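Student: For reference, the file final_7.csv (CSV, C-alpha atoms) is included below:
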chain,number,residue,atom,x,y,z
A,1,MET,CA,-17.6,-27.2,-13.0
A,2,LYS,CA,-18.4,-30.0,-15.4
A,3,LYS,CA,-17.7,-27.8,-18.4
A,4,ILE,CA,-14.3,-26.7,-17.1
A,5,ILE,CA,-13.2,-30.3,-16.3
A,6,ALA,CA,-14.5,-31.5,-19.6
A,7,SER,CA,-12.5,-28.8,-21.4
A,8,ALA,CA,-9.4,-29.9,-19.6
A,9,ALA,CA,-10.1,-33.5,-20.5
A,10,VAL,CA,-10.5,-32.6,-24.2
A,11,LEU,CA,-7.2,-30.8,-24.2
A,12,ALA,CA,-5.6,-33.7,-22.4
A,13,VAL,CA,-6.5,-36.1,-25.1
A,14,ALA,CA,-6.3,-33.8,-28.1
A,15,GLY,CA,-2.9,-35.1,-29.2
A,16,PRO,CA,0.0,-37.4,-28.3
A,17,THR,CA,1.6,-34.6,-26.2
A,18,TYR,CA,-1.4,-34.7,-23.8
A,19,ALA,CA,-2.2,-38.4,-23.9
A,20,GLN,CA,-2.0,-38.8,-20.2
A,21,GLU,CA,-4.3,-39.8,-17.4
A,22,ILE,CA,-6.4,-37.2,-15.6
A,23,SER,CA,-5.8,-37.0,-11.8
A,24,LEU,CA,-8.4,-35.5,-9.5
A,25,LYS,CA,-7.7,-33.7,-6.3
A,26,PRO,CA,-10.5,-32.5,-4.0
A,27,VAL,CA,-10.4,-29.1,-2.3
A,28,ALA,CA,-12.0,-28.7,1.1
A,29,GLU,CA,-11.4,-25.9,3.6
A,30,ALA,CA,-13.4,-24.6,6.6
A,31,ARG,CA,-13.0,-21.6,8.9
A,32,LEU,CA,-14.7,-20.6,12.2
A,33,ARG,CA,-14.0,-17.1,13.5
A,34,TYR,CA,-15.3,-14.9,16.3
A,35,GLU,CA,-14.5,-11.2,16.1
A,36,HIS,CA,-15.4,-8.6,18.8
A,37,VAL,CA,-14.9,-4.9,18.2
A,38,ASP,CA,-15.3,-2.1,20.8
A,39,GLN,CA,-15.0,1.3,19.0
A,40,ASP,CA,-15.4,4.7,20.7
A,41,GLY,CA,-18.0,6.9,19.1
A,42,LEU,CA,-20.5,4.1,18.3
A,43,PRO,CA,-23.3,3.2,20.6
A,44,GLN,CA,-22.9,-0.6,20.4
A,45,ASP,CA,-20.0,-3.1,20.1
A,46,ALA,CA,-19.8,-5.6,17.3
A,47,ASP,CA,-19.9,-9.4,17.8
A,48,ALA,CA,-19.5,-11.6,14.7
A,49,LEU,CA,-19.3,-15.4,14.6
A,50,THR,CA,-18.8,-16.5,11.0
A,51,MET,CA,-18.3,-19.8,9.3
A,52,ARG,CA,-16.7,-20.1,5.9
A,53,ALA,CA,-16.5,-23.2,3.8
A,54,ARG,CA,-14.8,-23.9,0.5
A,55,ALA,CA,-15.1,-27.0,-1.7
A,56,GLY,CA,-13.9,-27.8,-5.2
A,57,LEU,CA,-11.9,-30.0,-7.5
A,58,ILE,CA,-8.6,-29.8,-9.3
A,59,ALA,CA,-8.2,-31.9,-12.4
A,60,THR,CA,-4.7,-32.4,-13.8
A,61,SER,CA,-3.3,-34.0,-16.9
A,62,GLY,CA,0.3,-33.4,-17.6
A,63,ALA,CA,1.0,-29.7,-17.9
A,64,LEU,CA,-2.7,-28.9,-18.0
A,65,SER,CA,-5.1,-28.4,-15.0
A,66,ALA,CA,-8.6,-27.1,-14.4
A,67,SER,CA,-9.6,-25.8,-10.9
A,68,VAL,CA,-13.1,-25.0,-9.7
A,69,VAL,CA,-13.7,-23.9,-6.0
A,70,GLY,CA,-16.9,-22.6,-4.5
A,71,GLN,CA,-17.3,-20.8,-1.2
A,72,GLY,CA,-19.9,-19.7,1.2
A,73,THR,CA,-19.9,-17.5,4.4
A,74,LEU,CA,-22.6,-17.7,7.1
A,75,ALA,CA,-23.0,-15.4,10.1
A,76,LEU,CA,-23.9,-17.5,13.1
A,77,ILE,CA,-23.8,-14.4,15.3
A,78,ASP,CA,-24.6,-11.3,13.3
A,79,ARG,CA,-24.4,-8.4,15.8
A,80,TYR,CA,-22.2,-6.4,13.5
A,81,TYR,CA,-22.3,-4.1,10.5
A,82,ASP,CA,-20.9,-6.1,7.6
A,83,GLY,CA,-20.3,-3.1,5.3
A,84,VAL,CA,-23.2,-3.6,2.9
A,85,ASN,CA,-26.2,-4.5,5.2
A,86,GLY,CA,-27.7,-2.8,8.2
A,87,ALA,CA,-27.0,0.5,9.9
A,88,ALA,CA,-23.5,1.5,11.0
A,89,THR,CA,-24.5,1.7,14.7
A,90,ARG,CA,-22.0,-1.1,15.4
A,91,PRO,CA,-18.3,-1.3,14.2
A,92,ILE,CA,-17.7,-2.8,10.8
A,93,VAL,CA,-16.7,-6.5,10.5
A,94,ALA,CA,-16.0,-6.9,6.7
A,95,ASP,CA,-17.3,-10.5,6.5
A,96,PRO,CA,-20.8,-10.3,4.9
A,97,GLU,CA,-22.7,-13.5,4.3
A,98,ASN,CA,-22.0,-14.7,0.8
A,99,ILE,CA,-22.0,-17.6,-1.7
A,100,ALA,CA,-19.8,-17.4,-4.7
A,101,LEU,CA,-17.6,-19.1,-7.3
A,102,TYR,CA,-14.2,-18.5,-5.8
A,103,ILE,CA,-11.8,-20.1,-8.3
A,104,ALA,CA,-12.6,-21.2,-11.9
A,105,GLN,CA,-9.3,-21.4,-13.9
A,106,LEU,CA,-7.5,-23.3,-16.6
A,107,GLN,CA,-3.7,-23.5,-16.3
A,108,TYR,CA,-0.8,-24.7,-18.4
A,109,LYS,CA,2.4,-25.1,-16.4
A,110,THR,CA,5.9,-26.2,-17.3
A,111,LYS,CA,9.3,-25.5,-15.7
A,112,ALA,CA,9.7,-22.3,-17.7
A,113,VAL,CA,6.1,-21.1,-18.4
A,114,THR,CA,2.9,-20.9,-16.5
A,115,LEU,CA,-0.3,-19.6,-18.2
A,116,THR,CA,-3.5,-19.1,-16.2
A,117,GLY,CA,-6.9,-17.9,-17.4
A,118,GLY,CA,-10.1,-17.4,-15.5
A,119,ARG,CA,-11.0,-16.5,-11.9
A,120,GLN,CA,-7.8,-16.9,-9.9
A,121,LYS,CA,-5.8,-15.7,-6.9
A,122,ILE,CA,-3.0,-13.2,-7.7
A,123,ALA,CA,-0.6,-12.4,-4.9
A,124,LEU,CA,2.6,-10.5,-5.8
A,125,ASP,CA,5.6,-10.1,-3.6
A,126,ASP,CA,4.5,-9.2,-0.1
A,127,GLU,CA,0.9,-8.4,-1.3
A,128,ARG,CA,1.3,-4.7,-0.5
A,129,PHE,CA,0.0,-3.7,-3.9
A,130,VAL,CA,-1.7,-6.8,-5.2
A,131,GLY,CA,-3.0,-9.6,-3.0
A,132,ASN,CA,-5.6,-12.2,-2.1
A,133,VAL,CA,-6.9,-10.5,1.2
A,134,ALA,CA,-7.0,-14.0,2.6
A,135,PHE,CA,-7.7,-12.9,6.2
A,136,ARG,CA,-11.3,-11.8,5.2
A,137,ASP,CA,-13.7,-14.7,4.8
A,138,ASN,CA,-14.6,-13.9,1.2
A,139,ALA,CA,-11.1,-13.0,0.1
A,140,GLN,CA,-10.2,-11.3,-3.2
A,141,THR,CA,-9.8,-12.9,-6.6
A,142,PHE,CA,-9.3,-11.7,-10.2
A,143,ASP,CA,-11.0,-12.5,-13.5
A,144,ALA,CA,-7.8,-12.4,-15.5
A,145,VAL,CA,-5.2,-14.0,-17.8
A,146,ARG,CA,-1.7,-14.3,-16.4
A,147,ALA,CA,1.6,-15.4,-17.9
A,148,GLU,CA,4.7,-16.3,-15.9
A,149,TRP,CA,7.9,-16.9,-17.7
A,150,ALA,CA,11.3,-17.9,-16.4
A,151,PRO,CA,13.7,-17.8,-19.4
A,152,ALA,CA,16.9,-18.2,-17.3
A,153,LYS,CA,17.9,-19.2,-13.8
A,154,GLY,CA,16.9,-16.5,-11.3
A,155,LEU,CA,15.0,-14.4,-13.9
A,156,LYS,CA,11.2,-14.3,-14.0
A,157,LEU,CA,8.6,-12.2,-15.9
A,158,ASP,CA,5.1,-12.1,-14.4
A,159,VAL,CA,2.4,-10.2,-16.3
A,160,ALA,CA,-1.4,-10.3,-15.8
A,161,TYR,CA,-4.4,-8.5,-17.3
A,162,ALA,CA,-7.5,-8.4,-15.1
A,163,TRP,CA,-10.8,-7.2,-16.3
A,164,SER,CA,-12.7,-7.7,-13.0
A,165,VAL,CA,-11.6,-7.6,-9.4
A,166,ARG,CA,-13.9,-9.9,-7.2
A,167,THR,CA,-14.0,-8.1,-3.9
A,168,ILE,CA,-14.5,-9.2,-0.3
A,169,TRP,CA,-18.0,-7.8,-0.3
A,170,GLY,CA,-19.7,-10.7,-1.9
A,171,PHE,CA,-22.9,-10.9,-4.0
A,172,GLN,CA,-24.7,-8.3,-1.8
A,173,GLY,CA,-22.0,-5.7,-2.5
A,174,LYS,CA,-23.2,-2.3,-3.7
A,175,GLY,CA,-22.1,1.3,-4.1
A,176,ALA,CA,-18.4,1.8,-3.3
A,177,ARG,CA,-18.3,-1.8,-1.9
A,178,GLN,CA,-19.3,-3.7,-5.0
A,179,GLN,CA,-19.2,-7.4,-5.6
A,180,ALA,CA,-16.8,-6.8,-8.5
A,181,VAL,CA,-15.0,-3.8,-10.0
A,182,ARG,CA,-14.5,-3.7,-13.7
A,183,GLY,CA,-11.5,-2.1,-15.4
A,184,ASP,CA,-8.4,-2.8,-17.5
A,185,ASN,CA,-5.9,-3.7,-14.9
A,186,ILE,CA,-2.3,-4.5,-15.9
A,187,LEU,CA,0.0,-6.0,-13.3
A,188,ALA,CA,3.6,-6.6,-14.3
A,189,ASN,CA,6.7,-7.8,-12.3
A,190,LEU,CA,10.2,-8.5,-13.5
A,191,SER,CA,12.5,-10.1,-10.9
A,192,TYR,CA,16.0,-11.4,-10.7
A,193,VAL,CA,17.8,-13.3,-8.0
A,194,THR,CA,21.0,-11.5,-7.0
A,195,PRO,CA,23.6,-12.5,-4.3
A,196,VAL,CA,22.0,-10.0,-1.9
A,197,GLY,CA,18.3,-10.9,-2.6
A,198,THR,CA,15.6,-10.8,-5.2
A,199,LEU,CA,15.5,-7.6,-7.1
A,200,THR,CA,12.0,-6.8,-8.6
A,201,GLY,CA,10.9,-4.0,-10.9
A,202,PHE,CA,7.1,-3.6,-11.0
A,203,GLY,CA,4.4,-1.6,-12.8
A,204,TYR,CA,0.7,-1.7,-11.7
A,205,MET,CA,-1.9,0.1,-13.8
A,206,VAL,CA,-5.0,-0.1,-11.6
A,207,ASP,CA,-8.2,0.8,-13.4
A,208,GLN,CA,-11.2,1.1,-11.1
A,209,ASP,CA,-13.4,2.0,-14.0
A,210,GLU,CA,-16.7,2.6,-12.2
A,211,ALA,CA,-18.1,5.9,-11.0
A,212,ALA,CA,-19.3,4.3,-7.8
A,213,MET,CA,-15.6,3.7,-6.9
A,214,GLN,CA,-15.0,7.3,-5.6
A,215,GLY,CA,-15.8,8.8,-9.0
A,216,PHE,CA,-12.9,6.9,-10.6
A,217,ARG,CA,-10.5,8.3,-8.0
A,218,MET,CA,-9.0,4.9,-7.1
A,219,SER,CA,-7.5,4.4,-10.6
A,220,SER,CA,-3.7,4.8,-10.5
A,221,GLN,CA,-0.4,3.8,-12.1
A,222,THR,CA,2.4,2.7,-9.8
A,223,TYR,CA,6.0,2.0,-10.8
A,224,GLY,CA,8.7,0.9,-8.4
A,225,VAL,CA,11.5,-1.4,-7.3
A,226,ARG,CA,11.9,-3.9,-4.4
A,227,LEU,CA,14.8,-5.8,-2.9
A,228,ALA,CA,14.1,-8.7,-0.5
A,229,GLY,CA,16.7,-11.1,0.9
A,230,SER,CA,18.3,-12.7,3.9
A,231,ARG,CA,21.8,-13.5,5.1
A,232,PRO,CA,23.1,-15.9,7.8
A,233,LEU,CA,25.0,-14.2,10.6
A,234,SER,CA,26.0,-17.4,12.3
A,235,LYS,CA,24.8,-20.9,12.8
A,236,VAL,CA,21.9,-19.8,14.9
A,237,ALA,CA,21.2,-16.2,13.6
A,238,LYS,CA,19.7,-14.9,10.3
A,239,LEU,CA,19.0,-11.4,9.1
A,240,SER,CA,16.1,-10.9,6.7
A,241,TYR,CA,15.4,-7.5,5.0
A,242,GLN,CA,13.3,-5.8,2.4
A,243,PHE,CA,13.5,-2.3,0.8
A,244,SER,CA,11.0,-0.8,-1.6
A,245,TYR,CA,10.3,2.4,-3.4
A,246,ALA,CA,7.5,3.3,-5.7
A,247,ARG,CA,5.9,6.3,-7.4
A,248,GLN,CA,2.2,6.6,-8.0
A,249,SER,CA,0.1,9.0,-10.1
A,250,ASP,CA,-3.4,9.3,-11.5
A,251,HIS,CA,-4.5,6.9,-14.3
A,252,HIS,CA,-7.3,6.6,-16.9
A,253,ARG,CA,-10.4,8.5,-15.9
A,254,ASN,CA,-9.2,9.6,-12.4
A,255,PRO,CA,-10.1,13.4,-12.2
A,256,ASN,CA,-7.3,14.0,-9.7
A,257,ASN,CA,-3.9,15.2,-10.9
A,258,TYR,CA,-1.4,13.9,-8.3
A,259,SER,CA,1.8,12.0,-7.6
A,260,ALA,CA,2.9,10.4,-4.4
A,261,ASP,CA,5.8,8.3,-3.2
A,262,TYR,CA,6.0,5.0,-1.3
A,263,TRP,CA,9.0,3.9,0.9
A,264,LEU,CA,9.6,0.7,2.9
A,265,ALA,CA,12.6,-0.4,5.0
A,266,ASP,CA,12.2,-3.6,7.1
A,267,ALA,CA,14.5,-5.9,8.9
A,268,THR,CA,14.0,-9.1,10.9
A,269,LEU,CA,16.5,-10.9,13.1
A,270,ASP,CA,16.0,-14.6,13.9
A,271,VAL,CA,18.0,-16.0,16.8
A,272,ARG,CA,17.3,-19.4,18.3
A,273,GLY,CA,13.5,-19.2,18.0
A,274,TRP,CA,13.4,-15.4,18.7
A,275,LYS,CA,12.3,-12.9,16.1
A,276,LEU,CA,13.0,-9.2,16.3
A,277,ASN,CA,11.5,-6.9,13.7
A,278,ALA,CA,11.6,-3.2,12.9
A,279,GLY,CA,10.5,-1.2,9.9
A,280,TYR,CA,9.4,2.1,8.5
A,281,GLU,CA,6.7,2.5,5.8
A,282,VAL,CA,5.6,5.7,4.1
A,283,LEU,CA,2.5,6.1,1.9
A,284,GLY,CA,3.1,9.7,0.8
A,285,ALA,CA,0.8,12.6,0.3
A,286,SER,CA,0.5,15.0,-2.6
A,287,SER,CA,-1.7,18.1,-2.2
A,288,GLY,CA,-3.6,17.1,0.9
A,289,ALA,CA,-6.8,16.7,-1.1
A,290,ALA,CA,-8.8,13.5,-0.6
A,291,LEU,CA,-7.5,10.4,-2.5
A,292,THR,CA,-4.4,12.2,-3.8
A,293,SER,CA,-2.2,10.2,-1.4
A,294,PHE,CA,-0.6,6.8,-2.2
A,295,GLN,CA,-3.4,4.2,-2.4
A,296,THR,CA,-3.4,0.4,-2.6
A,297,PRO,CA,-6.9,-0.7,-3.5
A,298,LEU,CA,-5.8,-4.2,-4.7
A,299,GLY,CA,-3.5,-4.9,-1.8
A,300,THR,CA,-3.9,-7.2,1.2
A,301,ASN,CA,-4.1,-4.2,3.4
A,302,PHE,CA,-4.9,-6.0,6.7
A,303,LYS,CA,-1.3,-7.2,6.8
A,304,PHE,CA,0.0,-3.6,7.0
A,305,GLN,CA,-0.3,-0.6,9.3
A,306,GLY,CA,-2.1,-2.4,12.1
A,307,TRP,CA,-4.9,-4.9,12.4
A,308,ALA,CA,-7.4,-2.2,13.6
A,309,ASP,CA,-7.8,-1.3,9.9
A,310,LYS,CA,-7.6,2.5,10.4
A,311,PHE,CA,-5.6,3.0,7.2
A,312,LEU,CA,-7.2,0.7,4.6
A,313,VAL,CA,-7.7,3.9,2.6
A,314,THR,CA,-4.6,6.2,3.0
A,315,PRO,CA,-5.6,9.6,4.6
A,316,ALA,CA,-5.3,12.7,2.5
A,317,ASN,CA,-2.1,13.7,4.3
A,318,GLY,CA,-0.5,10.3,3.8
A,319,VAL,CA,0.7,8.0,6.6
A,320,ARG,CA,4.1,7.1,8.1
A,321,ASP,CA,4.3,3.9,10.1
A,322,LEU,CA,7.2,3.3,12.4
A,323,TYR,CA,6.9,-0.2,13.9
A,324,VAL,CA,8.9,-2.6,16.1
A,325,GLY,CA,8.0,-6.1,17.3
A,326,GLY,CA,9.2,-9.4,18.5
A,327,GLY,CA,8.2,-12.9,19.2
A,328,TYR,CA,9.2,-16.4,20.1
A,329,GLY,CA,8.3,-19.8,18.5
A,330,TRP,CA,8.4,-23.5,19.5
A,331,LYS,CA,8.4,-26.3,17.0
A,332,GLN,CA,6.2,-28.4,19.3
A,333,VAL,CA,4.3,-28.0,22.6
A,334,GLY,CA,2.4,-31.1,23.5
A,335,PRO,CA,0.0,-32.0,20.6
A,336,MET,CA,0.6,-28.5,19.0
A,337,THR,CA,3.2,-27.7,16.4
A,338,GLY,CA,4.4,-24.3,15.1
A,339,VAL,CA,3.5,-22.5,18.3
A,340,ALA,CA,4.3,-18.8,18.2
A,341,LEU,CA,3.7,-15.7,20.3
A,342,ALA,CA,4.3,-12.2,18.8
A,343,ALA,CA,3.7,-8.5,19.5
A,344,THR,CA,4.1,-5.4,17.4
A,345,TRP,CA,3.8,-1.7,18.2
A,346,HIS,CA,3.1,1.0,15.6
A,347,ARG,CA,3.4,4.8,15.7
A,348,PHE,CA,1.3,6.5,12.9
A,349,ASP,CA,2.1,10.0,11.7
A,350,SER,CA,1.1,12.0,8.7
A,351,ASP,CA,3.4,12.5,5.7
A,352,ARG,CA,2.5,16.2,5.6
A,353,LEU,CA,1.4,18.7,8.3
A,354,ASP,CA,3.2,16.8,11.1
A,355,LEU,CA,0.2,15.1,12.6
A,356,HIS,CA,0.4,12.2,15.1
A,357,TYR,CA,-2.5,10.0,14.1
A,358,GLY,CA,-2.2,7.5,16.9
A,359,ASN,CA,-0.5,4.3,18.2
A,360,GLU,CA,-1.4,0.7,18.0
A,361,TRP,CA,-0.5,-2.6,19.6
A,362,ASN,CA,-1.0,-6.0,17.8
A,363,LEU,CA,-0.7,-9.3,19.7
A,364,ILE,CA,-1.0,-12.8,18.3
A,365,ALA,CA,-0.7,-16.4,19.6
A,366,SER,CA,-0.9,-19.2,17.0
A,367,ALA,CA,-0.4,-23.0,16.7
A,368,LYS,CA,-1.4,-26.0,14.7
A,369,VAL,CA,-3.1,-29.2,15.8
A,370,LYS,CA,-2.9,-31.7,13.0
A,371,LYS,CA,-4.8,-30.1,10.1
A,372,THR,CA,-6.3,-27.3,12.1
A,373,ALA,CA,-4.6,-23.9,12.5
A,374,LEU,CA,-5.6,-22.0,15.6
A,375,SER,CA,-5.0,-18.3,16.4
A,376,VAL,CA,-5.9,-15.6,18.9
A,377,ARG,CA,-5.3,-11.9,17.8
A,378,TYR,CA,-5.8,-8.6,19.6
A,379,ALA,CA,-5.5,-5.1,18.4
A,380,HIS,CA,-5.6,-1.8,20.4
A,381,TYR,CA,-5.6,1.5,18.6
A,382,ASP,CA,-5.0,4.6,20.7
A,383,ALA,CA,-6.3,7.5,18.7
A,384,LYS,CA,-4.7,11.0,18.7
A,385,ALA,CA,-5.4,13.0,15.6
A,386,MET,CA,-7.3,10.4,13.6
A,387,ALA,CA,-10.2,8.0,14.1
A,388,THR,CA,-11.2,6.8,17.6
A,389,ASP,CA,-9.9,4.4,20.2
A,390,THR,CA,-10.6,0.8,19.1
A,391,ASP,CA,-10.1,-2.7,20.5
A,392,LYS,CA,-10.5,-5.8,18.4
A,393,LEU,CA,-10.3,-9.5,19.4
A,394,TRP,CA,-10.3,-12.5,17.1
A,395,LEU,CA,-10.5,-16.2,17.9
A,396,GLN,CA,-10.0,-18.3,14.8
A,397,ALA,CA,-9.8,-21.9,13.6
A,398,ASP,CA,-8.9,-22.9,10.0
A,399,TRP,CA,-9.0,-26.5,8.7
A,400,ALA,CA,-8.0,-27.9,5.3
A,401,ILE,CA,-7.5,-31.3,3.9
Could you render the structure as structure tokens?
Tutor:
Amino acid sequence: MKKIIASAAVLAVAGPTYAQEISLKPVAEARLRYEHVDQDGLPQDADALTMRARAGLIATSGALSASVVGQGTLALIDRYYDGVNGAATRPIVADPENIALYIAQLQYKTKAVTLTGGRQKIALDDERFVGNVAFRDNAQTFDAVRAEWAPAKGLKLDVAYAWSVRTIWGFQGKGARQQAVRGDNILANLSYVTPVGTLTGFGYMVDQDEAAMQGFRMSSQTYGVRLAGSRPLSKVAKLSYQFSYARQSDHHRNPNNYSADYWLADATLDVRGWKLNAGYEVLGASSGAALTSFQTPLGTNFKFQGWADKFLVTPANGVRDLYVGGGYGWKQVGPMTGVALAATWHRFDSDRLDLHYGNEWNLIASAKVKKTALSVRYAHYDAKAMATDTDKLWLQADWAI
């Protein structure tokens, strides 16, 4: 930490341009979460009470900044399989105990240019393809260099090269669940704000360059386009929408020869505190062989296709997700602000062979009391042609200064 802050200080006083005072901002976050999982086919349920803490410092001088954040995860109740330790006689809760350097970056930022180097968070668009996986205690970061350039109003180029992906599995990670995955990953976005929304072209070359990662079969190249925007319908109603298409194929040392499509159409109507949402997402299949369907190994996959996590790895026959949901929010209820209730129903089918995998309900209640965010989540997966019936419950509190 001292070396990074010292480097920022040296740069800050290196010349007249940087002759500015250094400001220091502390980082402190804490999370307490209970997760219960009841999964058919396993002899025992899972009960996990975990606590995560992060602490660090951001030093800023003019356009330059240095950030260092450490994190630790502790299992207070550990009656669960964490993915890397113990026998899988209980359902997996992907929050192993861990201690790690979460962020260690140097950044130069102006109105038109942002350059970032070191261990950092990268979350692109809706995080479907590249994200931080913030729901999991250990989250996901990248050892990378990143350049963001806005040469004109509404136009932005965002390019990153990542040589290591720091996974959610922590320092005990092993096998296909490693602490870090090496490779030459190139993540590129070019976006432009149009009258109907932000239009983005993207290209992601994901290089999971380790044999333990499914024999290199998670390496892929994905190219696509996305439109996201919103329009007011009246003084009290707004329509938000997003559409996306991408094409994925094998990359680098991937022994599979495949190509698969991705589609998304999503719309949300906001009316006087009510939200109504519907969408259709397709992660396509190729030949039906394992790992020849559309994969998203760097995405924040918990956000998509149900919280029961049955589709973190896309099945060989692909997946089609039809979903509808709704909710209502209050600005304040007593001492609580941002109070919201929401429910979403999913129907999961295959992209080939006309299989009905199953259905899922997701329910959430959330609110904030001063600096603490509270939430209760529930997921029920009703299995048909894939996996087994599963119920999950989360009670969570997040605090940050």
Student: Check the smallest atom-to-atom distance from each of A:Ile103, A:Pro91, A:Lys371, A:Ala30 to Gly56 in chain A using all atoms listed in the file, then report the winner.
Tutor: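 Closest to Gly56 in chain A, using all atoms listed in the file: A:Ile103.
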Student: Calculate how many Å separate CA of Arg226 in chain A from CA of Gln208 in chain A, rounding to one decimal.
Tutor: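 Spanning CA of Arg226 in chain A to CA of Gln208 in chain A is a straight-line distance of 24.6 Å.
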Student: From (5.2, -14.7, 21.1), in the file's coordinates, out to 9 Å: which residues are reached, counting only C-alpha atoms? Answer as a compact mmCIF listing (two decimals) with C-alpha atoms, in the coordinates of the input.
Tutor:
# COMPACT_ATOMS: atom_id res chain seq x y z
CA TRP A 274 13.40 -15.40 18.70
CA LYS A 275 12.30 -12.90 16.10
CA GLY A 326 9.20 -9.40 18.50
CA GLY A 327 8.20 -12.90 19.20
CA TYR A 328 9.20 -16.40 20.10
CA GLY A 329 8.30 -19.80 18.50
CA VAL A 339 3.50 -22.50 18.30
CA ALA A 340 4.30 -18.80 18.20
CA LEU A 341 3.70 -15.70 20.30
CA ALA A 342 4.30 -12.20 18.80
CA ALA A 343 3.70 -8.50 19.50
CA LEU A 363 -0.70 -9.30 19.70
CA ILE A 364 -1.00 -12.80 18.30
CA ALA A 365 -0.70 -16.40 19.60
CA SER A 366 -0.90 -19.20 17.00
Student: Which of these, A:Asp398, A:Glu127, A:Asp184, A:Glu35, has the shortest distance to Phe304 in chain A once you count all atoms listed in the file?
Tutor: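 Closest candidate: A:Glu127.
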Student: Do you know which residues are at most 6 Å from Asp38 in chain A counting all atoms listed in the file, after dropping those on the same chain fewer than 6 positions away, and could you put them as a list in words?
Tutor: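 Residues meeting the cut-off are Asp45, Thr390 and Asp391 of chain A.
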Student: Please compute the CA of Asn362 in chain A-CA of Met386 in chain A distance, one decimal, in Å.
Tutor: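 Straight-line distance from CA of Asn362 in chain A to CA of Met386 in chain A works out to 18.1 Å.
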Student: Rank nothing, just name the residue among A:Arg347, A:Lys153, A:Arg90, A:Arg166 nearest to Gly325 in chain A, using all atoms listed in the file.
Tutor: A:Arg347
Student: Please, which residues in range 205-263 of chain A fall within 10 Å of range 283-288 of chain A when counting all atoms listed in the file, and what is the closest atom pair and distance in Å to one decimal for each, ordered by chain then residue number, as CSV?
Tutor:
residue,atom,partner,partner_atom,distance
A:Ala246,CA,A:Leu283,CA,9.5
A:Arg247,CA,A:Gly284,CA,9.3
A:Gln248,CA,A:Gly284,CA,9.4
A:Ser249,CA,A:Ser286,CA,9.6
A:Asn257,CA,A:Ser286,CA,9.4
A:Tyr258,CA,A:Ser286,CA,6.1
A:Ser259,CA,A:Ser286,CA,6.0
A:Ala260,CA,A:Gly284,CA,5.3
A:Asp261,CA,A:Gly284,CA,5.0
A:Tyr262,CA,A:Leu283,CA,4.9
A:Trp263,CA,A:Leu283,CA,6.9
Student: Would you list the contacts of range 110-112 of chain A as a list in words, taking every protein, DNA or RNA residue within 7 Å and counting all atoms listed in the file, but skipping same-chain residues closer than 3 positions in sequence?
Tutor: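 The filter keeps Ala63, Trp149, Ala150 and Pro151 of chain A.
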Student: For range 85-96 of chain A, which lacks atoms in the input, supply N, CA and C atoms and format the output as a CSV table (one decimal), in the coordinates of the input.
Tutor:
chain,number,residue,atom,x,y,z
A,85,ASN,N,-24.8,-4.3,4.6
A,85,ASN,CA,-26.2,-4.5,5.2
A,85,ASN,C,-26.3,-3.9,6.6
A,86,GLY,N,-27.4,-3.3,6.9
A,86,GLY,CA,-27.7,-2.8,8.2
A,86,GLY,C,-27.2,-1.4,8.4
A,87,ALA,N,-27.5,-0.8,9.6
A,87,ALA,CA,-27.0,0.5,9.9
A,87,ALA,C,-25.7,0.4,10.6
A,88,ALA,N,-24.9,1.5,10.4
A,88,ALA,CA,-23.5,1.5,11.0
A,88,ALA,C,-23.5,2.0,12.4
A,89,THR,N,-24.4,1.4,13.2
A,89,THR,CA,-24.5,1.7,14.7
A,89,THR,C,-23.5,0.8,15.4
A,90,ARG,N,-23.0,-0.2,14.8
A,90,ARG,CA,-22.0,-1.1,15.4
A,90,ARG,C,-20.7,-1.0,14.5
A,91,PRO,N,-19.6,-1.3,15.0
A,91,PRO,CA,-18.3,-1.3,14.2
A,91,PRO,C,-18.4,-2.3,13.0
A,92,ILE,N,-17.7,-2.0,12.0
A,92,ILE,CA,-17.7,-2.8,10.8
A,92,ILE,C,-16.9,-4.1,11.0
A,93,VAL,N,-17.4,-5.2,10.6
A,93,VAL,CA,-16.7,-6.5,10.5
A,93,VAL,C,-16.9,-6.9,9.0
A,94,ALA,N,-15.9,-6.8,8.2
A,94,ALA,CA,-16.0,-6.9,6.7
A,94,ALA,C,-16.1,-8.4,6.3
A,95,ASP,N,-17.1,-9.1,6.8
A,95,ASP,CA,-17.3,-10.5,6.5
A,95,ASP,C,-18.8,-10.7,6.2
A,96,PRO,N,-19.4,-10.1,5.2
A,96,PRO,CA,-20.8,-10.3,4.9
A,96,PRO,C,-21.1,-11.8,4.5
